[in-house]
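work-v1.cif, holding mmCIF, C-alpha atoms:
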```cif
data_my_file
#
loop_
_atom_site.label_atom_id
_atom_site.label_comp_id
_atom_site.auth_asym_id
_atom_site.auth_seq_id
_atom_site.Cartn_x
_atom_site.Cartn_y
_atom_site.Cartn_z
CA MET P 1 128.67 168.39 117.23
CA SER P 2 127.77 166.91 120.59
CA SER P 3 124.08 167.84 120.23
CA ILE P 4 123.93 165.95 116.88
CA ARG P 5 125.46 162.84 118.52
CA LYS P 6 122.95 163.05 121.38
CA ARG P 7 120.05 163.27 118.90
CA LYS P 8 121.41 160.21 117.01
CA SER P 9 121.72 158.09 120.17
CA LYS P 10 118.20 159.11 121.23
CA ARG P 11 116.86 158.00 117.85
CA GLN P 12 118.73 154.65 118.14
CA SER P 13 117.38 153.96 121.63
CA ALA P 14 113.87 154.85 120.48
CA ARG P 15 114.23 152.34 117.66
CA LEU P 16 115.50 149.61 120.06
CA GLY P 17 112.68 150.34 122.47
CA ALA P 18 110.18 149.68 119.70
CA LEU P 19 111.25 146.02 119.38
CA PRO P 20 108.38 143.79 120.65
CA LEU P 21 110.53 141.82 123.08
CA THR P 22 107.64 140.70 125.28
CA SER P 23 105.96 138.77 122.50
CA MET P 24 109.26 137.25 121.42
CA ILE P 25 110.02 136.08 124.97
CA ASP P 26 106.47 134.68 125.11
CA VAL P 27 107.05 132.62 122.00
CA VAL P 28 110.55 131.56 123.05
CA PHE P 29 109.25 130.33 126.41
CA LEU P 30 106.42 128.49 124.75
CA LEU P 31 108.87 126.79 122.41
CA LEU P 32 111.03 125.85 125.40
CA ILE P 33 108.05 124.35 127.26
CA PHE P 34 106.94 122.56 124.09
CA PHE P 35 110.30 120.83 123.67
CA LEU P 36 110.47 119.97 127.39
CA VAL P 37 107.03 118.35 127.19
CA THR P 38 107.76 116.39 124.03
CA ALA P 39 111.17 115.17 125.26
CA ASN P 40 110.86 111.70 126.77
CA PHE P 41 112.94 111.42 129.92
CA ALA P 42 111.52 108.07 131.00
CA GLN P 43 113.32 104.87 130.04
CA ASP P 44 111.70 103.10 127.09
CA GLU P 45 109.94 99.93 128.11
CA HIS P 46 109.88 96.82 125.97
CA LYS P 47 107.67 93.75 126.09
CA LEU P 48 108.26 90.00 126.02
CA PRO P 49 105.06 88.23 124.96
CA ALA P 50 104.34 84.74 126.31
CA THR P 51 101.43 82.44 127.00
CA VAL P 52 100.30 80.76 130.21
CA GLN P 53 100.43 77.00 130.34
CA THR P 54 98.74 75.36 133.32
CA GLU P 55 98.39 71.74 134.34
CA GLY P 56 94.69 71.65 133.49
CA GLY P 57 94.65 73.91 130.43
CA GLY P 58 96.26 76.91 128.86
CA VAL P 59 97.47 77.36 125.33
CA GLN P 60 98.04 74.05 123.60
CA SER P 61 99.79 74.85 120.35
CA SER P 62 100.12 71.36 118.91
CA ASP P 63 100.20 67.69 119.78
CA LEU P 64 103.94 67.93 120.25
CA GLN P 65 105.10 68.32 123.84
CA PRO P 66 107.04 71.55 124.35
CA GLN P 67 110.62 71.35 125.51
CA ILE P 68 110.91 72.45 129.12
CA VAL P 69 113.41 74.87 130.63
CA GLN P 70 113.52 74.58 134.40
CA ILE P 71 114.92 77.50 136.39
CA ARG P 72 116.37 76.55 139.75
CA MET P 73 118.42 78.25 142.42
CA GLN P 74 121.90 76.88 143.02
CA GLY P 75 124.31 78.58 145.38
CA GLY P 76 122.19 81.74 145.47
CA ALA P 77 122.15 82.13 141.68
CA PRO P 78 119.60 80.90 139.13
CA ILE P 79 120.52 78.12 136.72
CA PHE P 80 118.67 77.04 133.59
CA VAL P 81 118.21 73.31 133.15
CA ILE P 82 117.05 71.83 129.86
CA GLY P 83 117.18 68.05 129.72
CA GLU P 84 120.53 67.17 131.18
CA VAL P 85 122.20 70.44 130.27
CA ALA P 86 122.52 73.19 132.87
CA THR P 87 123.61 76.73 132.09
CA GLY P 88 124.17 79.73 134.29
CA ASP P 89 123.16 82.65 132.07
CA GLY P 90 120.79 83.66 129.31
CA ALA P 91 123.44 83.77 126.57
CA SER P 92 124.50 80.13 127.21
CA LEU P 93 120.85 79.09 127.35
CA GLU P 94 120.27 80.78 124.00
CA SER P 95 123.09 78.81 122.36
CA VAL P 96 121.61 75.56 123.75
CA LEU P 97 118.13 76.51 122.52
CA ASN P 98 119.48 77.35 119.07
CA ASN P 99 120.13 73.64 118.50
CA LEU P 100 116.61 72.53 119.41
CA PRO P 101 113.63 72.10 117.05
CA LYS P 102 111.38 75.16 117.14
CA GLU P 103 108.03 73.60 116.18
CA PRO P 104 107.12 72.05 119.58
CA GLY P 105 107.70 75.38 121.31
CA ILE P 106 109.28 75.96 124.68
CA ALA P 107 107.84 75.94 128.18
CA ILE P 108 109.52 77.68 131.09
CA LYS P 109 109.07 76.55 134.67
CA SER P 110 110.66 78.03 137.73
CA GLU P 111 111.07 77.36 141.41
CA PRO P 112 109.17 79.79 143.68
CA ASP P 113 112.27 81.59 144.98
CA VAL P 114 113.78 82.32 141.55
CA PRO P 115 113.96 86.08 140.78
CA ILE P 116 111.76 87.25 137.93
CA SER P 117 114.85 88.57 136.12
CA ALA P 118 115.82 84.92 135.47
CA ILE P 119 112.39 84.20 133.96
CA ALA P 120 112.80 87.27 131.74
CA ALA P 121 116.26 86.04 130.72
CA ALA P 122 114.83 82.61 129.77
CA LEU P 123 111.98 84.18 127.78
CA GLN P 124 114.45 86.47 126.02
CA ALA P 125 116.78 83.55 125.20
CA ALA P 126 113.84 81.57 123.77
CA ARG P 127 112.76 84.57 121.70
CA ASN P 128 116.29 85.16 120.42
CA ALA P 129 116.69 81.47 119.56
CA GLY P 130 113.64 81.73 117.29
CA PHE P 131 110.90 80.11 119.39
CA ASP P 132 107.55 81.65 118.44
CA LYS P 133 105.65 79.48 120.90
CA ARG P 134 106.87 80.48 124.33
CA SER P 135 104.87 79.58 127.37
CA TYR P 136 105.36 79.98 131.07
CA VAL P 137 104.09 77.33 133.47
CA PRO P 138 103.18 78.90 136.82
CA SER P 139 103.68 76.67 139.80
CA ASP P 140 100.64 76.25 142.07
CA GLY P 141 102.96 76.14 145.07
CA GLU P 142 102.18 72.54 146.02
CA MET K 6 96.84 145.99 103.63
CA ILE K 7 95.35 144.62 106.88
CA ASP K 8 98.04 144.22 109.55
CA VAL K 9 97.40 140.78 111.11
CA ASP K 10 99.04 140.23 114.51
CA LEU K 11 100.30 136.66 114.23
CA THR K 12 102.18 136.67 117.55
CA SER K 13 99.06 136.38 119.70
CA MET K 14 97.64 133.68 117.49
CA ILE K 15 100.88 131.64 117.69
CA ASP K 16 100.78 132.13 121.47
CA VAL K 17 97.31 130.67 121.72
CA VAL K 18 98.03 127.82 119.29
CA PHE K 19 101.13 126.80 121.24
CA GLN K 20 99.23 126.94 124.53
CA LEU K 21 96.63 124.58 123.08
CA ILE K 22 99.27 122.20 121.70
CA ILE K 23 101.06 122.07 125.07
CA PHE K 24 97.77 121.50 126.89
CA PHE K 25 96.85 118.51 124.71
CA MET K 26 100.37 117.05 124.90
CA PHE K 27 100.34 117.30 128.71
CA THR K 28 96.95 115.67 129.08
CA SER K 29 97.85 112.86 126.66
CA GLN K 30 101.00 112.05 128.65
CA PHE K 31 99.22 111.60 131.98
CA GLY K 32 98.63 107.93 131.19
CA GLU K 33 102.37 107.34 130.93
CA LEU K 34 103.15 109.31 134.08
CA ARG K 35 100.69 107.20 136.06
CA ARG K 36 103.01 104.18 135.83
CA THR K 37 104.78 103.30 139.03
CA GLU K 38 108.54 103.43 139.03
CA ILE K 39 109.69 99.80 139.05
CA ASP K 40 113.10 98.21 138.56
CA LEU K 41 112.13 96.10 135.54
CA PRO K 42 114.13 93.10 134.24
CA HIS K 43 117.01 94.17 132.01
CA GLN K 44 116.27 92.56 128.66
CA PRO K 45 115.96 94.01 125.16
CA GLY K 46 112.48 92.45 124.77
CA ASP K 47 110.67 91.77 121.53
CA GLN K 48 111.81 94.06 118.71
CA ILE K 49 108.47 93.83 116.90
CA GLU K 50 106.02 95.43 119.25
CA ALA K 51 102.41 96.42 118.89
CA ARG K 52 101.81 100.13 119.24
CA GLN K 53 98.51 99.44 121.01
CA GLU K 54 98.49 100.10 124.75
CA PRO K 55 97.64 97.04 126.87
CA ALA K 56 94.15 96.88 128.35
CA MET K 57 95.43 96.03 131.82
CA ILE K 58 98.77 96.90 133.38
CA ILE K 59 99.72 95.13 136.60
CA ASP K 60 102.76 96.26 138.56
CA LEU K 61 104.46 93.74 140.82
CA THR K 62 106.74 95.15 143.49
CA ASN K 63 109.75 93.50 145.11
CA SER K 64 107.70 92.69 148.24
CA GLY K 65 105.01 90.95 146.18
CA THR K 66 102.40 93.74 146.17
CA TYR K 67 100.21 93.99 143.08
CA LEU K 68 99.36 97.48 141.80
CA VAL K 69 96.77 98.38 139.18
CA GLU K 70 96.84 102.06 138.19
CA SER K 71 99.35 102.59 141.03
CA ILE K 72 96.77 101.37 143.58
CA GLU K 73 97.43 98.28 145.70
CA THR K 74 95.03 95.63 144.47
CA SER K 75 94.28 92.14 145.77
CA LEU K 76 94.44 89.07 143.56
CA THR K 77 90.67 88.63 143.96
CA GLU K 78 90.08 92.14 142.63
CA ILE K 79 92.54 91.60 139.76
CA GLU K 80 90.68 88.39 138.88
CA ARG K 81 87.39 90.31 138.87
CA LEU K 82 88.81 93.07 136.65
CA ALA K 83 90.31 90.52 134.26
CA ARG K 84 86.99 88.67 134.02
CA VAL K 85 85.26 91.92 133.00
CA GLY K 86 88.01 92.61 130.44
CA VAL K 87 87.82 89.13 128.93
CA LEU K 88 84.03 89.41 128.58
CA ALA K 89 84.38 92.77 126.80
CA GLN K 90 87.17 91.72 124.42
CA SER K 91 86.71 91.26 120.69
CA THR K 92 88.91 89.92 117.90
CA GLN K 93 89.82 93.49 116.89
CA ASP K 94 90.41 94.55 120.47
CA PRO K 95 91.73 91.57 122.46
CA PHE K 96 92.21 91.81 126.22
CA ASP K 97 95.92 92.37 126.60
CA VAL K 98 97.71 92.10 129.97
CA LEU K 99 101.09 93.67 130.65
CA ILE K 100 102.92 92.65 133.82
CA ARG K 101 105.57 95.07 135.08
CA PRO K 102 107.52 93.14 137.70
CA ASP K 103 110.42 94.19 139.88
CA ARG K 104 113.31 92.13 138.57
CA ASN K 105 114.23 90.96 142.08
CA ALA K 106 110.71 89.86 143.01
CA SER K 107 110.27 86.13 143.52
CA ALA K 108 108.67 83.95 140.87
CA VAL K 109 106.05 82.80 143.38
CA HIS K 110 104.28 86.20 143.12
CA LEU K 111 104.22 86.01 139.31
CA ASP K 112 102.96 82.41 139.50
CA ARG K 113 100.08 83.36 141.80
CA LEU K 114 99.10 86.21 139.50
CA LEU K 115 99.27 84.13 136.32
CA LEU K 116 97.25 81.31 137.88
CA ARG K 117 94.49 83.79 138.78
CA LEU K 118 94.59 85.32 135.30
CA SER K 119 94.46 81.93 133.60
CA ASN K 120 91.32 81.14 135.68
CA THR K 121 89.59 84.05 133.98
CA GLY K 122 90.61 83.00 130.47
CA VAL K 123 93.65 85.25 130.06
CA LEU K 124 96.20 83.05 128.35
CA ARG K 125 98.45 85.61 126.72
CA TRP K 126 100.48 88.13 128.65
CA LYS K 127 103.49 90.35 128.22
CA LEU K 128 106.40 90.94 130.52
CA ALA K 129 107.72 94.50 130.62
CA THR K 130 111.48 94.92 130.36
CA VAL K 131 113.97 97.72 129.89
CA ASN K 132 116.88 97.65 127.52
CA PRO K 133 120.07 97.26 129.58
CA GLY K 134 121.85 99.75 127.31
CA GLY K 135 119.08 102.29 127.78
CA GLY K 136 118.56 102.55 124.00
CA GLN K 137 115.46 101.86 121.93
#
```
What would you get if you wrote out this structure as structure tokens?
Amino acid sequence: MSSIRKRKSKRQSARLGALPLTSMIDVVFLLLIFFLVTANFAQDEHKLPATVQTEGGGVQSSDLQPQIVQIRMQGGAPIFVIGEVATGDGASLESVLNNLPKEPGIAIKSEPDVPISAIAAALQAARNAGFDKRSYVPSDGE
Amino acid sequence: MIDVDLTSMIDVVFQLIIFFMFTSQFGELRRTEIDLPHQPGDQIEARQEPAMIIDLTNSGTYLVESIETSLTEIERLARVGVLAQSTQDPFDVLIRPDRNASAVHLDRLLLRLSNTGVLRWKLATVNPGGGQ
């Protein structure tokens, strides 16, 4: 009886040993590397298009003068001034811009010490408010 | 029946796929890690990669292809790009600024670019929620 069992187990192990595990591991590893390579771990970047408007030139979209958003620093934080209205964040600026005509476009100016995040917030607010013509007016530092 | 060994072929094919995927991603990896402004950006974006990518660090250093570059050199590069542009392939500038960098650095850069005829630019942002 015991010799028959031994023969059976030998046959089973011989069958298991015949499995091409090396090739399977090869393929499994390759699949693993493939999915690691195709996975995107970096944060997705987005873009805010704008034009440059300078004193002497730049993009002139129409005869209409664009409305100007001035970004200033007040008490260590940026504020957005449009006409006589001043707001402290992009969302409030957006609601102000929503009420303005879109055809003349919008120009954004900033003081030299304003952080670029505030300029991005103003451009985003203008974009969200529906302004297709968005320009930035760089200061020449004078 | 001829016994075809597919395993080796799949091995080689996968190796080739991985090789080409790696090499095509090097352009993305070359970008410097910068704390970009947190804004959702424009939802309708062109799939085309910009012709020139300028990184602007918090200290006001300009980097092109991760190499510190002077404004004079950037102006020269932009001039070459503007001369080579066509209506199908316009010269497209992407500025990747540190969100805490001062506006004065962006102003200096844009003034130099506008001197060369670059009038359209894009500001790189990241979605605050981290989503698409």
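Closest approach to K:Ser13 from the set P:Ala86, P:Leu21, P:Val27, P:Ala118 is made by P:Val27, with distances taken over all atoms listed in the file.
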Inset, instruction - Could you please tell me, as a PyMOL selection string, which residues of chain P have an atom within 8 Å of chain K when using only C-alpha atoms? - result: chain P and resi 23+26-27+30-31+33-34+37-38+43-54+58-59+110-117+119-121+124+127+137-141
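Residue membership of the PyMOL selection byres ((chain K and resi 84) around 12) in the shown file amounts to Met57, Thr77, Glu78, Ile79, Glu80, Arg81, Leu82, Ala83, Val85, Gly86, Val87, Leu88, Ala89, Gln90, Phe96, Val98, Arg117, Leu118, Ser119, Asn120, Thr121, Gly122 and Val123 of chain K.
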Legend entry - Between atom CA of K:Ile39 and atom CA of P:Gln74 - distance in Å to one decimal: 26.3 Å
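Computed from the coordinates, the atom CA of P:Ala107 to atom CA of P:Val81 distance equals 11.8 Å.
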Resolved residues for the PyMOL selection byres ((chain P and resi 76-80) around 9) as a short mmCIF file (atom, residue, chain, number, x, y, z; two decimals) with C-alpha atoms, in the frame of the given file:
```cif
data_model
loop_
_atom_site.label_atom_id
_atom_site.label_comp_id
_atom_site.auth_asym_id
_atom_site.auth_seq_id
_atom_site.Cartn_x
_atom_site.Cartn_y
_atom_site.Cartn_z
CA VAL P 69 113.41 74.87 130.63
CA GLN P 70 113.52 74.58 134.40
CA ILE P 71 114.92 77.50 136.39
CA ARG P 72 116.37 76.55 139.75
CA MET P 73 118.42 78.25 142.42
CA GLN P 74 121.90 76.88 143.02
CA GLY P 75 124.31 78.58 145.38
CA VAL P 81 118.21 73.31 133.15
CA ILE P 82 117.05 71.83 129.86
CA VAL P 85 122.20 70.44 130.27
CA ALA P 86 122.52 73.19 132.87
CA THR P 87 123.61 76.73 132.09
CA GLY P 88 124.17 79.73 134.29
CA ASP P 89 123.16 82.65 132.07
CA GLY P 90 120.79 83.66 129.31
CA LEU P 93 120.85 79.09 127.35
CA VAL P 114 113.78 82.32 141.55
CA PRO P 115 113.96 86.08 140.78
CA ALA P 118 115.82 84.92 135.47
CA ALA P 122 114.83 82.61 129.77
#
```
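With atom CA of K:Asp97 on one side and atom CA of K:Phe25 on the other, the separation reads 26.2 Å.
Evaluated against this file, the PyMOL selection byres ((chain P and resi 105) around 7) yields Pro66, Gln67, Lys102, Glu103, Pro104, Ile106, Ala107, Phe131, Asp132, Lys133 and Arg134 of chain P.
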Inset, instruction - Please provide the set of residues having any atom within 9 Å of stretch 70-74 of chain K, restricted to only C-alpha atoms, with same-chain residues fewer than 4 positions apart removed, written as a PyMOL selection string. - result: chain K and resi 35-37+57-60+66+78-79
